[in-house]
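Asker: Got a structure for you, upload19.cif, holding mmCIF, C-alpha atoms.
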data_query
#
loop_
_atom_site.label_atom_id
_atom_site.label_comp_id
_atom_site.auth_asym_id
_atom_site.auth_seq_id
_atom_site.Cartn_x
_atom_site.Cartn_y
_atom_site.Cartn_z
CA MET A 1 -50.97 27.25 153.53
CA PRO A 2 -50.42 29.94 156.16
CA LEU A 3 -50.92 33.39 154.71
CA PRO A 4 -49.75 36.26 156.92
CA GLN A 5 -52.15 39.17 156.72
CA GLN A 6 -50.41 42.29 155.52
CA THR A 7 -52.62 45.34 155.84
CA PRO A 8 -50.98 48.27 154.03
CA ARG A 9 -50.53 51.51 155.91
CA LEU A 10 -52.84 53.26 153.48
CA SER A 11 -54.91 51.87 150.67
CA ARG A 12 -54.29 52.19 146.96
CA ARG A 13 -57.37 54.40 146.68
CA SER A 14 -55.91 56.72 149.31
CA LEU A 15 -53.66 57.94 146.53
CA LEU A 16 -56.45 58.90 144.15
CA ARG A 17 -56.70 62.58 143.41
CA ALA A 18 -60.36 63.35 142.95
CA CYS A 19 -60.89 64.92 139.57
CA ALA A 20 -63.31 64.41 136.75
CA GLY A 21 -60.83 64.96 133.96
CA THR A 22 -57.84 67.03 132.97
CA ALA A 23 -58.03 69.57 130.20
CA ALA A 24 -56.01 67.37 127.87
CA LEU A 25 -58.21 64.40 128.60
CA GLY A 26 -61.37 66.39 128.08
CA ALA A 27 -60.17 67.55 124.70
CA LEU A 28 -59.28 64.04 123.61
CA ALA A 29 -62.36 62.36 124.99
CA GLY A 30 -64.75 65.04 123.83
CA CYS A 31 -63.34 65.98 120.44
CA GLY A 32 -60.49 63.76 119.33
CA VAL A 33 -61.78 60.24 119.95
CA PRO A 34 -62.59 59.33 116.32
CA ALA A 35 -59.19 60.49 115.07
CA ALA A 36 -57.40 58.69 117.91
CA TYR A 37 -59.08 55.32 117.31
CA VAL A 38 -56.78 52.42 116.43
CA SER A 39 -58.27 49.65 114.31
CA ALA A 40 -57.92 46.03 115.40
CA GLY A 41 -55.40 45.24 112.68
CA ASP A 42 -52.97 47.90 113.85
CA ARG A 43 -52.72 47.05 117.55
CA ALA A 44 -50.24 44.19 117.68
CA VAL A 45 -46.54 43.83 116.93
CA PRO A 46 -44.52 40.60 116.69
CA ASP A 47 -44.53 39.03 120.15
CA ARG A 48 -41.06 38.49 121.61
CA SER A 49 -42.25 36.45 124.60
CA ALA A 50 -40.87 33.10 123.43
CA THR A 51 -37.30 34.36 123.22
CA ASP A 52 -37.34 37.33 125.59
CA LYS A 53 -38.47 36.19 129.04
CA ARG A 54 -39.51 39.47 130.54
CA LEU A 55 -42.30 42.05 130.69
CA SER A 56 -42.93 45.54 132.02
CA TRP A 57 -45.90 46.13 134.37
CA ALA A 58 -47.22 49.53 135.50
CA ASN A 59 -49.37 49.46 138.63
CA TRP A 60 -50.55 51.67 141.50
CA PRO A 61 -48.50 52.02 144.72
CA LEU A 62 -49.32 49.69 147.62
CA TYR A 63 -51.28 47.34 145.40
CA ILE A 64 -49.33 44.11 145.67
CA ASP A 65 -48.03 42.01 148.55
CA THR A 66 -44.65 42.88 150.04
CA ASP A 67 -42.29 41.14 152.39
CA ASP A 68 -42.54 41.93 156.12
CA ASP A 69 -38.87 42.72 156.47
CA ASP A 70 -38.12 44.14 153.03
CA THR A 71 -40.86 46.11 151.27
CA THR A 72 -38.90 46.04 148.02
CA LYS A 73 -39.58 42.30 147.79
CA ARG A 74 -42.90 41.10 146.42
CA PRO A 75 -43.38 37.41 147.31
CA THR A 76 -46.02 36.47 144.74
CA LEU A 77 -44.19 38.26 141.94
CA GLU A 78 -40.88 36.67 142.89
CA ALA A 79 -42.56 33.26 142.94
CA PHE A 80 -43.87 33.88 139.42
CA GLY A 81 -40.34 34.60 138.22
CA LYS A 82 -39.00 31.41 139.75
CA GLU A 83 -41.86 29.35 138.34
CA THR A 84 -41.72 30.72 134.79
CA GLY A 85 -38.27 32.21 134.31
CA ILE A 86 -39.95 35.47 133.31
CA SER A 87 -38.45 38.66 134.74
CA VAL A 88 -40.97 41.38 135.62
CA ASP A 89 -40.07 45.06 135.66
CA TYR A 90 -42.72 46.18 138.16
CA VAL A 91 -43.15 49.96 138.33
CA GLU A 92 -45.47 51.76 140.75
CA GLU A 93 -46.08 54.72 138.48
CA ILE A 94 -49.86 55.11 138.41
CA ASN A 95 -51.19 57.62 140.92
CA ASP A 96 -54.22 58.89 139.02
CA ASN A 97 -56.22 57.50 136.10
CA ASP A 98 -56.32 60.75 134.14
CA GLU A 99 -52.69 61.57 134.77
CA PHE A 100 -51.48 58.19 133.52
CA PHE A 101 -53.85 58.37 130.55
CA GLY A 102 -52.20 61.65 129.59
CA LYS A 103 -48.76 60.12 130.07
CA ILE A 104 -49.17 57.25 127.61
CA SER A 105 -51.85 58.57 125.26
CA PRO A 106 -49.44 60.35 122.84
CA ALA A 107 -47.75 57.04 122.05
CA LEU A 108 -51.00 55.11 121.71
CA MET A 109 -52.80 57.61 119.50
CA ASN A 110 -49.74 57.75 117.24
CA HIS A 111 -49.51 53.94 116.97
CA GLN A 112 -46.32 53.72 119.02
CA SER A 113 -45.24 51.47 121.88
CA THR A 114 -45.75 52.65 125.45
CA ASP A 115 -42.82 50.45 126.59
CA ARG A 116 -45.28 48.74 128.93
CA ASP A 117 -46.74 45.27 128.51
CA LEU A 118 -49.31 45.50 131.28
CA ILE A 119 -51.16 48.34 132.95
CA VAL A 120 -53.86 48.60 135.66
CA MET A 121 -56.64 51.17 135.33
CA SER A 122 -60.02 51.72 136.96
CA ASP A 123 -62.84 50.27 134.89
CA TRP A 124 -64.29 53.64 133.89
CA MET A 125 -60.91 54.50 132.39
CA CYS A 126 -60.54 51.03 130.90
CA ALA A 127 -63.74 51.80 129.01
CA ARG A 128 -61.96 54.65 127.21
CA PHE A 129 -59.02 52.46 126.24
CA VAL A 130 -61.37 49.81 124.88
CA ARG A 131 -63.43 52.34 122.91
CA LEU A 132 -60.28 53.89 121.47
CA GLY A 133 -58.85 50.53 120.46
CA TRP A 134 -55.77 51.13 122.58
CA VAL A 135 -55.63 47.68 124.19
CA GLN A 136 -55.30 44.22 122.71
CA GLU A 137 -57.72 41.32 123.00
CA MET A 138 -56.34 38.62 125.27
CA ASP A 139 -55.97 35.00 124.22
CA ARG A 140 -57.95 33.01 126.76
CA ALA A 141 -56.23 29.84 125.59
CA ASN A 142 -53.27 31.21 127.54
CA GLN A 143 -55.45 31.93 130.58
CA PRO A 144 -57.23 28.80 131.85
CA ASN A 145 -57.36 30.14 135.41
CA VAL A 146 -59.09 33.35 134.31
CA THR A 147 -61.58 31.30 132.33
CA LYS A 148 -62.31 29.04 135.29
CA TYR A 149 -62.07 31.29 138.32
CA LEU A 150 -63.06 34.87 137.38
CA ASP A 151 -66.04 35.94 139.49
CA PRO A 152 -69.26 35.66 137.43
CA LEU A 153 -70.29 39.13 138.66
CA LEU A 154 -67.28 40.61 136.87
CA ARG A 155 -67.31 38.63 133.64
CA SER A 156 -69.15 40.91 131.26
CA PRO A 157 -69.31 44.66 132.00
CA ALA A 158 -71.07 46.84 129.45
CA PHE A 159 -67.82 48.47 128.32
CA ASP A 160 -66.07 45.13 127.62
CA PRO A 161 -68.52 42.27 127.02
CA GLY A 162 -66.91 38.98 127.92
CA ARG A 163 -63.88 40.76 129.40
CA LYS A 164 -61.96 40.24 126.15
CA HIS A 165 -59.65 43.21 126.73
CA THR A 166 -59.60 43.56 130.53
CA VAL A 167 -59.20 41.30 133.56
CA PRO A 168 -59.91 42.58 137.09
CA TRP A 169 -56.86 42.94 139.30
CA GLN A 170 -58.83 43.78 142.43
CA SER A 171 -62.41 44.89 142.96
CA GLY A 172 -64.27 47.00 145.48
CA ILE A 173 -67.62 48.43 146.42
CA THR A 174 -68.70 52.05 146.63
CA GLY A 175 -71.23 52.17 149.46
CA ILE A 176 -71.87 54.05 152.70
CA ALA A 177 -69.64 54.11 155.77
CA TYR A 178 -70.94 55.41 159.08
CA ASP A 179 -70.09 55.55 162.76
CA HIS A 180 -72.75 53.43 164.44
CA ARG A 181 -71.91 54.48 168.00
CA ARG A 182 -71.93 58.21 167.34
CA LEU A 183 -74.98 58.10 165.08
CA GLY A 184 -76.88 55.76 167.37
CA ARG A 185 -78.68 53.88 164.63
CA GLU A 186 -78.21 51.85 161.48
CA ILE A 187 -78.18 53.13 157.91
CA ARG A 188 -79.76 50.89 155.29
CA HIS A 189 -80.78 53.25 152.48
CA VAL A 190 -79.06 55.94 150.42
CA SER A 191 -81.93 58.30 151.23
CA GLU A 192 -80.95 58.22 154.91
CA LEU A 193 -77.97 60.39 154.07
CA TRP A 194 -80.49 63.21 153.81
CA ASP A 195 -82.04 62.67 157.27
CA SER A 196 -82.12 65.68 159.61
CA ASP A 197 -79.84 64.11 162.24
CA LEU A 198 -77.05 64.00 159.64
CA LYS A 199 -77.25 67.63 158.56
CA GLY A 200 -73.74 68.94 158.04
CA ARG A 201 -72.25 65.56 158.90
CA VAL A 202 -72.33 63.92 155.43
CA THR A 203 -69.68 63.85 152.71
CA LEU A 204 -69.85 62.67 149.12
CA LEU A 205 -67.00 61.69 146.83
CA SER A 206 -65.93 64.53 144.57
CA GLY A 207 -64.96 62.45 141.55
CA LEU A 208 -67.77 62.19 139.02
CA ASP A 209 -67.03 58.59 138.11
CA GLU A 210 -66.79 57.58 141.76
CA ALA A 211 -69.92 59.33 143.02
CA PHE A 212 -72.80 59.17 140.58
CA ALA A 213 -73.73 55.46 140.50
CA LEU A 214 -74.59 55.00 144.19
CA LEU A 215 -76.70 58.17 144.19
CA MET A 216 -78.62 56.93 141.16
CA GLN A 217 -79.22 53.60 142.87
CA GLY A 218 -80.76 55.52 145.74
CA ASN A 219 -83.35 56.71 143.21
CA GLY A 220 -84.09 53.14 142.12
CA VAL A 221 -82.15 53.41 138.86
CA ASP A 222 -80.61 50.35 137.20
CA ILE A 223 -77.09 51.71 136.79
CA ARG A 224 -76.33 49.25 134.01
CA LYS A 225 -78.53 51.37 131.75
CA TRP A 226 -78.88 54.80 133.31
CA THR A 227 -79.83 57.84 131.21
CA ALA A 228 -78.94 61.52 131.04
CA ASP A 229 -82.20 62.31 132.82
CA ASP A 230 -81.12 60.04 135.69
CA PHE A 231 -77.83 61.91 135.92
CA HIS A 232 -79.39 65.36 135.97
CA ARG A 233 -81.91 64.25 138.57
CA VAL A 234 -79.04 63.29 140.86
CA CYS A 235 -77.36 66.64 140.22
CA ASP A 236 -80.58 68.47 141.11
CA GLN A 237 -80.75 66.56 144.40
CA VAL A 238 -77.10 67.13 145.28
CA GLU A 239 -77.40 70.86 144.55
CA LYS A 240 -80.39 71.01 146.87
CA TYR A 241 -78.50 69.33 149.73
CA VAL A 242 -75.43 71.47 149.20
CA HIS A 243 -77.51 74.64 149.50
CA SER A 244 -79.36 73.35 152.57
CA GLY A 245 -76.12 72.48 154.37
CA GLN A 246 -76.87 68.76 154.49
CA ILE A 247 -73.63 67.92 152.69
CA ARG A 248 -70.57 69.03 154.64
CA ARG A 249 -68.18 68.81 151.71
CA PHE A 250 -66.95 66.71 148.81
CA THR A 251 -63.86 64.60 149.34
CA GLY A 252 -61.21 62.45 147.85
CA ASN A 253 -60.05 59.71 150.15
CA ASP A 254 -59.74 62.18 153.01
CA TYR A 255 -63.27 61.22 154.05
CA THR A 256 -61.56 58.65 156.25
CA LYS A 257 -60.10 61.40 158.45
CA ASP A 258 -63.49 63.06 158.88
CA LEU A 259 -65.12 59.75 159.79
CA VAL A 260 -62.45 58.84 162.33
CA SER A 261 -62.55 62.29 163.98
CA GLY A 262 -66.34 62.31 164.21
CA ASP A 263 -66.71 65.46 162.11
CA VAL A 264 -68.65 63.27 159.70
CA LEU A 265 -71.10 60.55 160.72
CA ALA A 266 -71.86 59.06 157.30
CA CYS A 267 -70.24 59.24 153.88
CA GLN A 268 -69.75 57.65 150.53
CA ALA A 269 -66.87 55.23 150.98
CA TYR A 270 -64.84 52.42 149.45
CA SER A 271 -65.06 48.97 151.00
CA GLY A 272 -61.28 48.47 151.13
CA ASP A 273 -60.76 51.62 153.19
CA VAL A 274 -63.38 50.61 155.74
CA ILE A 275 -61.72 47.27 156.43
CA GLN A 276 -58.66 49.20 157.54
CA LEU A 277 -60.66 51.72 159.59
CA GLN A 278 -62.49 48.92 161.40
CA ALA A 279 -59.19 47.54 162.67
CA ASP A 280 -58.94 50.62 164.92
CA ASN A 281 -62.64 51.40 165.37
CA PRO A 282 -65.13 48.53 165.15
CA ASP A 283 -68.00 51.01 165.43
CA ILE A 284 -67.35 52.12 161.86
CA ARG A 285 -69.59 50.12 159.57
CA PHE A 286 -69.91 49.72 155.83
CA VAL A 287 -73.28 49.14 154.23
CA VAL A 288 -74.37 48.03 150.80
CA PRO A 289 -77.73 49.85 150.71
CA GLU A 290 -80.87 47.87 150.07
CA GLU A 291 -81.17 49.69 146.73
CA GLY A 292 -77.76 48.33 145.75
CA ALA A 293 -74.18 49.54 145.41
CA GLU A 294 -71.63 49.86 142.65
CA LEU A 295 -69.14 47.03 142.15
CA TRP A 296 -66.01 48.32 140.44
CA SER A 297 -62.63 46.95 139.49
CA ASP A 298 -59.14 48.08 138.71
CA SER A 299 -58.33 45.97 135.70
CA LEU A 300 -55.30 44.64 133.88
CA MET A 301 -54.88 45.53 130.21
CA ILE A 302 -52.26 44.84 127.55
CA PRO A 303 -51.65 48.07 125.60
CA ASP A 304 -51.29 48.20 121.83
CA ARG A 305 -47.86 47.29 120.51
CA ALA A 306 -46.83 45.54 123.71
CA SER A 307 -43.93 43.31 122.73
CA HIS A 308 -44.40 40.66 125.45
CA LYS A 309 -48.10 39.90 125.14
CA ALA A 310 -47.95 36.17 125.90
CA ASN A 311 -45.78 36.79 128.96
CA ALA A 312 -48.32 39.36 130.20
CA GLU A 313 -51.20 36.92 129.64
CA ARG A 314 -49.30 34.29 131.59
CA LEU A 315 -48.74 36.67 134.51
CA ILE A 316 -52.42 37.59 134.61
CA ASP A 317 -53.38 33.93 134.68
CA TYR A 318 -50.89 33.25 137.46
CA TYR A 319 -52.71 35.71 139.73
CA TYR A 320 -55.95 33.84 139.07
CA ASP A 321 -54.60 30.68 140.67
CA PRO A 322 -56.70 30.56 143.89
CA GLU A 323 -53.60 30.02 146.05
CA VAL A 324 -51.92 33.12 144.64
CA ALA A 325 -55.15 35.14 144.67
CA ALA A 326 -55.59 34.29 148.34
CA GLU A 327 -52.10 35.46 149.21
CA LEU A 328 -52.72 38.73 147.42
CA ALA A 329 -56.16 39.19 149.01
CA ALA A 330 -54.68 38.72 152.47
CA TRP A 331 -52.50 41.74 151.85
CA VAL A 332 -54.61 44.21 149.87
CA ASN A 333 -58.01 43.52 151.53
CA TYR A 334 -60.15 44.51 148.54
CA VAL A 335 -62.91 42.40 147.01
CA CYS A 336 -61.14 39.36 145.61
CA PRO A 337 -62.08 38.65 141.96
CA VAL A 338 -61.35 34.96 142.53
CA PRO A 339 -64.08 33.51 144.79
CA ALA A 340 -62.24 30.17 144.96
CA ALA A 341 -59.54 31.93 147.03
CA GLN A 342 -62.01 32.03 149.93
CA ASP A 343 -61.50 28.35 150.78
CA VAL A 344 -57.73 28.82 150.66
CA LEU A 345 -57.90 31.66 153.18
CA ALA A 346 -60.31 29.75 155.39
CA SER A 347 -57.73 26.98 155.78
CA ALA A 348 -54.94 29.38 156.80
CA LYS A 349 -53.25 28.61 160.11
CA ASP A 350 -53.08 32.28 161.05
CA GLU A 351 -56.40 33.19 162.73
CA GLU A 352 -56.57 36.76 161.45
CA THR A 353 -55.90 35.61 157.92
CA ALA A 354 -58.48 32.85 158.14
CA ALA A 355 -61.02 35.38 159.41
CA LEU A 356 -60.74 37.28 156.13
CA ALA A 357 -62.53 34.39 154.45
CA GLU A 358 -65.65 35.40 156.39
CA ASN A 359 -65.31 39.12 155.68
CA THR A 360 -68.05 40.09 153.23
CA LEU A 361 -66.01 43.09 152.09
CA VAL A 362 -63.43 40.66 150.70
CA PHE A 363 -65.79 37.84 149.72
CA PRO A 364 -69.36 39.20 149.46
CA ASP A 365 -71.98 36.69 150.57
CA ASP A 366 -74.93 35.68 148.39
CA GLU A 367 -77.24 38.29 149.90
CA MET A 368 -74.78 41.11 149.28
CA ARG A 369 -73.92 39.88 145.79
CA GLU A 370 -77.54 40.26 144.72
CA ARG A 371 -77.24 44.02 145.35
CA LEU A 372 -73.92 44.61 143.57
CA VAL A 373 -73.92 45.99 140.03
CA ILE A 374 -71.29 47.24 137.57
CA ALA A 375 -72.36 50.65 136.30
CA ARG A 376 -72.55 51.67 132.68
CA ASP A 377 -69.66 54.04 132.09
CA ILE A 378 -69.92 57.66 130.98
CA THR A 379 -69.37 57.82 127.24
CA SER A 380 -67.05 60.26 125.53
CA THR A 381 -69.96 62.26 124.15
CA GLU A 382 -71.56 62.55 127.59
CA ARG A 383 -68.43 63.37 129.54
CA VAL A 384 -67.92 67.02 128.65
CA GLU A 385 -71.49 68.01 129.52
CA PHE A 386 -71.68 65.88 132.67
CA SER A 387 -68.26 66.90 133.97
CA LYS A 388 -69.11 70.57 133.53
CA ARG A 389 -72.27 70.27 135.59
CA TRP A 390 -70.81 68.02 138.28
CA ASN A 391 -67.65 70.09 138.70
CA ALA A 392 -69.73 73.24 139.14
CA ILE A 393 -71.61 71.59 142.03
CA VAL A 394 -68.51 70.15 143.65
CA GLY A 395 -66.43 73.26 143.14
CA LEU A 396 -63.67 71.73 141.06
#
As structure tokens, please, write out the structure in this file.
Answerer:
Amino acid sequence: MPLPQQTPRLSRRSLLRACAGTAALGALAGCGVPAAYVSAGDRAVPDRSATDKRLSWANWPLYIDTDDDDTTKRPTLEAFGKETGISVDYVEEINDNDEFFGKISPALMNHQSTDRDLIVMSDWMCARFVRLGWVQEMDRANQPNVTKYLDPLLRSPAFDPGRKHTVPWQSGITGIAYDHRRLGREIRHVSELWDSDLKGRVTLLSGLDEAFALLMQGNGVDIRKWTADDFHRVCDQVEKYVHSGQIRRFTGNDYTKDLVSGDVLACQAYSGDVIQLQADNPDIRFVVPEEGAELWSDSLMIPDRASHKANAERLIDYYYDPEVAAELAAWVNYVCPVPAAQDVLASAKDEETAALAENTLVFPDDEMRERLVIARDITSTERVEFSKRWNAIVGL
């Protein structure tokens, strides 16, 4: 079917505020986790899905397809309602992982409803919800598409083996972006960020959870099982390059402005952002270094005491239909967690849409896939120490 490509004016990750944790979050994660834990038997309430055909879904802004002429209309979501009779209250209320965690954590830690049946969080934050017992295990009997079509690379992260509590909404890669014309050469290794011709023209991401994995991979570390020594080694290196002037600054998503202006020639970057930058400047390239890059996801979860669990599971499975996944991928331009959607896009009548099927930043090829890894998350006991050191380097 023809799928019009809808590139959003700015990406979902453009709205991230780089921070390694709020004070409230640090207190909870560092000290209050045991007391906040909810046991498996106290997570569910009677499900009203059979008689109450609705659900509430909290997501990030600009993270779903919209109609060309009316941005309040969401074609795939409207189609789900017509197909199932389920009404979806879709709220774009998540602008920051930590901020939203703080917003709903009082209800969850006190065994109360959040009034939301579905939420989308970055995997490193999902790990906290899973550890705390704040999300329910999904019934895969209600999700045949997820069972069949979920990308094998995403099926079993360390924080949620078997993806029992989380399902990727969209994925992405943290790698290196650079301006090939201005730099005059290729970049293939993380270590090349420290070359002399890039002095003062390099930026790193300021968020701890966003930055550390790629830098560890540059040291040859398997980020699925990194250690505290690996972390502190990276910090030692970054401190060295800050003091020498190699690193220009640490950024949120504003690295895109520096790269476009030429103030920066190479930087840590997200794959979805680079697709958009390349539309205006084909000299900007994105590389998955030979040492590897981090594959991450923003994942769907059903919070404790959600009263429309089956409806939420059905919605998740709907977005894993390859036809629907392709329509969504054509709009958001992140790594599609449904590889079968590639053939759907390839058959699109619109040439630009069909070309997305060949874009390795939407559908990584076999060579790239061999270098993509989901990082082990930072545990609650590690976070206070690591955040303190990283924030001191970054200046947060």
Asker: Excluding Arg224 (chain A) and its own-chain neighbours fewer than 5 positions away, which residues fall within 12 Å of it when counting all atoms listed in the file? Please give them as a list of chain:residue names.
Answerer: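 The residues that qualify are A:Ser156, A:Pro157, A:Ala158, A:Phe159, A:Ala213, A:Leu214, A:Met216, A:Gln217, A:Asp230, A:Gly292, A:Ala293, A:Glu294, A:Leu295, A:Leu372, A:Val373, A:Ile374, A:Ala375, A:Arg376, A:Asp377, A:Ile378.
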Asker: Just the residues within 8 Å of region 109-112 of chain A, please, counting all atoms listed in the file, with nothing from its chain fewer than 5 positions along; format it as an MDAnalysis selection string.
Answerer: chainID A and resid 36:38 42:43 134 304:305
Asker: If you take all atoms listed in the file and a cut-off of 10 Å, which residues of region 129-238 of chain A touch region 344-366 of chain A, and what are their nearest atom pairs and distances in Å to one decimal, in chain and number order, as JSON lines?
Answerer:
{"residue": "A:Gln170", "atom": "CA", "partner": "A:Val362", "partner_atom": "CA", "distance": 10.0}
{"residue": "A:Ser171", "atom": "CA", "partner": "A:Val362", "partner_atom": "CA", "distance": 8.9}
{"residue": "A:Gly172", "atom": "CA", "partner": "A:Leu361", "partner_atom": "CA", "distance": 7.9}
{"residue": "A:Ile173", "atom": "CA", "partner": "A:Leu361", "partner_atom": "CA", "distance": 8.0}
Asker: Could you give me, as a list in words, the residues that have an atom at most 8 Å away from the point (-64.6, 59.5, 143.4) in the coordinates of the file, using only C-alpha atoms?
Answerer: Ala18, Cys19, Leu205, Ser206, Gly207, Leu208, Asp209, Glu210, Ala211, Thr251 and Gly252 of chain A
Asker: Rank nothing, just name the residue among A:Val332, A:Ala340, A:Ala228, A:Ile284 nearest to Leu62 (chain A), using only C-alpha atoms.
Answerer: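 Smallest distance to Leu62 (chain A) is found for A:Val332.
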Asker: Calculated over all atoms listed in the file, which of the candidates A:Pro322, A:Gly272, A:Gly200, A:Pro339 has the smallest distance to His243 (chain A)?
Answerer: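 Ranked by minimum distance to His243 (chain A), first place goes to A:Gly200.
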Asker: Kindly provide, as a PyMOL selection string, the polymer residues lying within 7 Å of (-73.0, 69.2, 143.9), counting only C-alpha atoms and using the coordinates exactly as they appear in the file.
Answerer: chain A and resi 235+238-239+242+390+393-394
Asker: Determine the residue membership of the PyMOL selection byres ((chain A and resi 299) around 12) for the file above and supply it as a PyMOL selection string.
Answerer: chain A and resi 58-60+97+118-127+129-130+135+154-155+157+160+163-172+296-298+300-302+316+337
Asker: I want to know what sits within 12 Å of Tyr241 (chain A), based on only C-alpha atoms, with residues of the same chain fewer than 3 positions away left out; could you give that as a list of chain:residue names?
Answerer: A:Ser191, A:Leu193, A:Trp194, A:Asp195, A:Ser196, A:Leu198, A:Lys199, A:Gly200, A:Arg201, A:Val202, A:Thr203, A:Leu204, A:Val234, A:Cys235, A:Asp236, A:Gln237, A:Val238, A:Ser244, A:Gly245, A:Gln246, A:Ile247, A:Arg248, A:Arg249, A:Phe250, A:Ile393, A:Val394
Asker: Between A:Thr147, A:Gln278, A:Thr174, A:Gln136, which has the minimum distance to Gly162 (chain A) (counting all atoms listed in the file)?
Answerer: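 The closest residue to Gly162 (chain A) is A:Thr147.
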Asker: The PyMOL selection byres ((chain A and resi 91) around 9) on the file shown: which residues, as JSON, numbers by chain?
Answerer: {"A": [56, 57, 58, 59, 60, 61, 89, 90, 92, 93, 94]}
Asker: Write out the residues from the selection above, keeping C-alpha atoms, as a compact mmCIF listing (two decimals), keeping the file's coordinate frame.
Answerer:
# COMPACT_ATOMS: atom_id res chain seq x y z
CA SER A 56 -42.93 45.54 132.02
CA TRP A 57 -45.90 46.13 134.37
CA ALA A 58 -47.22 49.53 135.50
CA ASN A 59 -49.37 49.46 138.63
CA TRP A 60 -50.55 51.67 141.50
CA PRO A 61 -48.50 52.02 144.72
CA ASP A 89 -40.07 45.06 135.66
CA TYR A 90 -42.72 46.18 138.16
CA GLU A 92 -45.47 51.76 140.75
CA GLU A 93 -46.08 54.72 138.48
CA ILE A 94 -49.86 55.11 138.41
Asker: Nearest to Lys309 (chain A) among A:Asp67, A:Glu137, A:Glu99, A:Glu290, with distances taken over all atoms listed in the file: which residue is it?
Answerer: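 Among A:Asp67, A:Glu137, A:Glu99, A:Glu290, it is A:Glu137 that comes nearest to Lys309 (chain A).
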Asker: Using all atoms listed in the file, which of the listed residues (A:Leu277, A:Val335, A:Val88, A:Leu328) sits closest to Tyr255 (chain A)?
Answerer: A:Leu277
Asker: Quick check, in Å to one decimal: how far apart do CA of Arg389 (chain A) and CA of His232 (chain A) lie?
Answerer: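 Taking CA of Arg389 (chain A) as the start and CA of His232 (chain A) as the end point, the length is 8.7 Å.
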Asker: When distances are computed from all atoms listed in the file, which of A:Trp331, A:Phe231, A:Tyr320, A:Trp226 shows the smallest separation from Ser387 (chain A)?
Answerer: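 Using all atoms listed in the file, Ser387 (chain A) sits closest to A:Phe231.
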Asker: Once you add 6 Å to each side, what are the centre and edge lengths of the axis-aligned box holding all listed atoms of region 237-249 of chain A? One decimal in Å, as JSON, if you can.
Answerer:
{"center_x": -74.5, "center_y": 70.6, "center_z": 149.5, "size_x": 24.6, "size_y": 20.1, "size_z": 22.2}
Asker: Please measure the separation of CA of Gly85 (chain A) and CA of Arg54 (chain A), giving the value in Å to one decimal.
Answerer: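 These atoms are spaced 8.3 Å apart.
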